[in-house]
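Encoded as structure tokens, the structure appears first; notes follow it.
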Amino acid sequence: MSMSKNLLKSMGKIIEESGSNKITIFTGHLKIDGHLFLPEGKCEECHDDFITLENALICRLSDYCTCNEDSCECNDYICFKYDWLNISIANIVAFSIIK
């Protein structure tokens, strides 16, 4: 089984157990938040080397703000939003499913 299939399987199990598909993914340079898209049944058009996020927010780690205030908006200018985003599994350093 390839690394990508293992990662997708692992993510699927965590999502199933937690009941949440909200995810934070870290690459070497980016923090990406979104909702993991897992198609029901077999996905003949899905690519094994990518995962798909809905409502993704991408932020560069080197610019990421760390303020803790509820009204903090400093990341609004350095983060980018996408309705759909495909991420190469080979570039994922870490991920966390968020309840």
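We name chains A, B, ... following the order of the structure tokens; residues begin at 1 in each chain, and ligands are numbered from 1 as shown.
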
task: Using only C-alpha atoms, determine which residues lie at most 7 Å from Ser96 in chain A, disregarding the query and same-chain residues fewer than 6 positions distant; provide the list as a list in words.
output: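 The residues satisfying every condition are Ile23, Thr24 and Ile25 of chain A.
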
query: Pick the closest to Asp83 in chain A from A:Leu7, A:Leu36, A:Ile15, A:Leu30: which is it, counting only C-alpha atoms?
result: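 Ranked by minimum distance to Asp83 in chain A, first place goes to A:Leu36.
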
Nearest candidate to Leu61 in chain A (options A:Ile14, A:Phe80, A:Phe26, A:Leu85; using only C-alpha atoms): A:Phe26

What's the 7 Å shell around Ile51 in chain A, counting only C-alpha atoms, without same-chain residues fewer than 2 positions away, as a compact mmCIF listing (two decimals) with N, CA and C atoms, in the first residue's frame?
```
# COMPACT_ATOMS: atom_id res chain seq x y z
N LEU A 53 -9.56 19.67 -0.24
CA LEU A 53 -10.20 20.40 0.85
C LEU A 53 -11.25 21.33 0.28
N ASN A 86 -6.59 21.28 -3.90
CA ASN A 86 -5.94 19.97 -3.92
C ASN A 86 -4.54 20.12 -3.35
N ILE A 87 -4.16 19.24 -2.43
CA ILE A 87 -2.86 19.29 -1.78
C ILE A 87 -2.11 18.01 -2.07
N SER A 88 -0.86 18.14 -2.49
CA SER A 88 -0.02 16.99 -2.74
C SER A 88 0.31 16.31 -1.41
N ILE A 89 -0.01 15.04 -1.30
CA ILE A 89 0.23 14.28 -0.07
C ILE A 89 1.71 14.24 0.27
```
